[in-house]
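These notes are about the structure you will find just below.
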Amino acid sequence: MVEDDPLVRDFVVDTLEFSVNRKIHTFDNGFSAWQYIQASQPVHILFADIHVPEIDGLELTHRIKAAKPEIICILASGNPADEPRAIEAGADAFMLKPYGVSDLFSIVQTFVVEDGCGRPGQNPPGNGR
């Protein structure tokens with residue numbers, strides 16, 4: 001989870017930890033997340049805000065997809081105009097802010113419960129384009 005707003009980050013982490021019962025690693029900038037991804041145990045899903053410092057979510061997704069294309073990348077933004085840029089960067093889904101618990105549960109259903117059976121670029125139900 002890459003989000004520089006602590007309130008949003010805590011909301012997402014609490015919701016995801018409850019629904020997937022897994023440890024969620026958090027970062028407040030894209031550079032720290034990129035370092036972790038390069039050096040750590042396998043990462044399955046990246047959930048990032050597009051507008052984070054140091055390396056933004058678009059560049060982070062582009063780097064991940066070039067190095068480790070199996071990682072699912074979900075990008076979020078409060079600006080609907082960011083969606084085409086997110087998909088172009090390689091995002092598997094785009095979440096328009098503000099999103100709620102049901103939107104996060106849809107992400108879990110699509111990319112965790114179905115074990116990655118969602119198609120790239122597919123938006124979760126309830127947060128459509």
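Starting from 1 in every chain, residues are counted up; chains themselves are A, B, ... following the order of the structure tokens, and ligands are numbered from 1 as listed.
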### Task
Pick out the residues sitting within 8 Å of Gly78 of chain A, and hand them over as an MDAnalysis selection string; count only C-alpha atoms, and ignore anything fewer than 3 positions along from it in its own chain.
chainID A and resid 96:98
I need the chosen residues saved as a compact mmCIF listing (two decimals), in the first residue's frame, with N, CA, C and O atoms.
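Output saved as part_7.txt:
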# COMPACT_ATOMS: atom_id res chain seq x y z
N LEU A 96 -11.36 5.11 -8.32
CA LEU A 96 -11.63 6.54 -8.21
C LEU A 96 -11.92 6.88 -6.76
O LEU A 96 -12.79 6.26 -6.13
N LYS A 97 -11.19 7.86 -6.23
CA LYS A 97 -11.44 8.33 -4.87
C LYS A 97 -12.59 9.33 -4.89
O LYS A 97 -12.72 10.07 -5.87
N PRO A 98 -13.38 9.39 -3.87
CA PRO A 98 -13.29 8.57 -2.67
C PRO A 98 -13.90 7.19 -2.91
O PRO A 98 -14.90 7.05 -3.61
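Near Ala81 of chain A, within 12 Å and counting only C-alpha atoms, sit Ile50, Ala76, Ser77, Gly78, Asn79, Glu83, Pro84, Arg85, Ala86, Ile87, Phe94, Met95, Leu96, Lys97 and Arg129 of chain A, not including residues fewer than 2 positions from it in the same chain.
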Hey, could you make a per-residue contact list for segment 67-114 of chain A against segment 5-28 of chain A with 12 Å as the cut-off, showing the nearest pair of atoms and its distance in Å to one decimal, counting only C-alpha atoms, sorted by chain and number, as a Markdown table?
| residue | atom | partner | partner_atom | distance |
| --- | --- | --- | --- | --- |
| A:Ala76 | CA | A:Val8 | CA | 11.1 |
| A:Ser77 | CA | A:Val8 | CA | 11.6 |
| A:Lys97 | CA | A:Val8 | CA | 10.0 |
| A:Pro98 | CA | A:Val8 | CA | 9.5 |
| A:Tyr99 | CA | A:Val12 | CA | 9.6 |
| A:Gly100 | CA | A:Val12 | CA | 9.0 |
| A:Val101 | CA | A:Thr15 | CA | 6.8 |
| A:Ser102 | CA | A:Thr15 | CA | 9.7 |
| A:Asp103 | CA | A:Thr15 | CA | 10.4 |
| A:Leu104 | CA | A:Leu16 | CA | 7.2 |
| A:Phe105 | CA | A:Ser19 | CA | 7.2 |
| A:Ser106 | CA | A:Ser19 | CA | 10.5 |
| A:Ile107 | CA | A:Leu16 | CA | 9.4 |
| A:Val108 | CA | A:Val20 | CA | 7.3 |
| A:Gln109 | CA | A:Ser19 | CA | 9.5 |
| A:Phe111 | CA | A:Val20 | CA | 10.8 |
| A:Val112 | CA | A:Val20 | CA | 7.7 |
| A:Val113 | CA | A:Val20 | CA | 8.5 |
### Task
Select, from A:Leu58, A:Ile45, A:Ala67, A:Ile74, the residue with the minimum atom-to-atom distance to Glu88 of chain A, counting only C-alpha atoms.
A:Leu58
### Message
For a quick check of understanding, using only C-alpha atoms, which of A:Ala39, A:Ala66, A:Ala89, A:Leu75 has the smallest distance to Val52 of chain A?
### Response
A:Leu75
### Query
chain A: which residues are strand (DSSP E) by DSSP, as a PyMOL selection string?
chain A and resi 45-49+72-77+93-96
### Message
Which residues are near Leu60 of chain A? Cut-off 10 Å, only C-alpha atoms, ignore same chain within fewer than 2 positions. Put them as number ranges by chain.
### Response
A: 2, 29-31, 33-34, 46, 48, 50, 52, 54-58, 62-66, 73, 89-90
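Put simply, atom CA of Glu70 of chain A is 23.0 Å away from atom CA of His51 of chain A.
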### Task
Quick one: pick out all helix (DSSP H, G or I) residues within segment 1-127 of chain A from a backbone DSSP run and write them as a PyMOL selection string.
chain A and resi 6-20+30-39+57-67+82-89+101-113
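Across the structure, atom CA of Ala91 of chain A and atom CA of Ile72 of chain A are spaced 7.5 Å apart.
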### Message
One decimal, in Å: what's the spacing between atom CA of Asp92 of chain A and atom CA of Glu3 of chain A?
### Response
17.7 Å
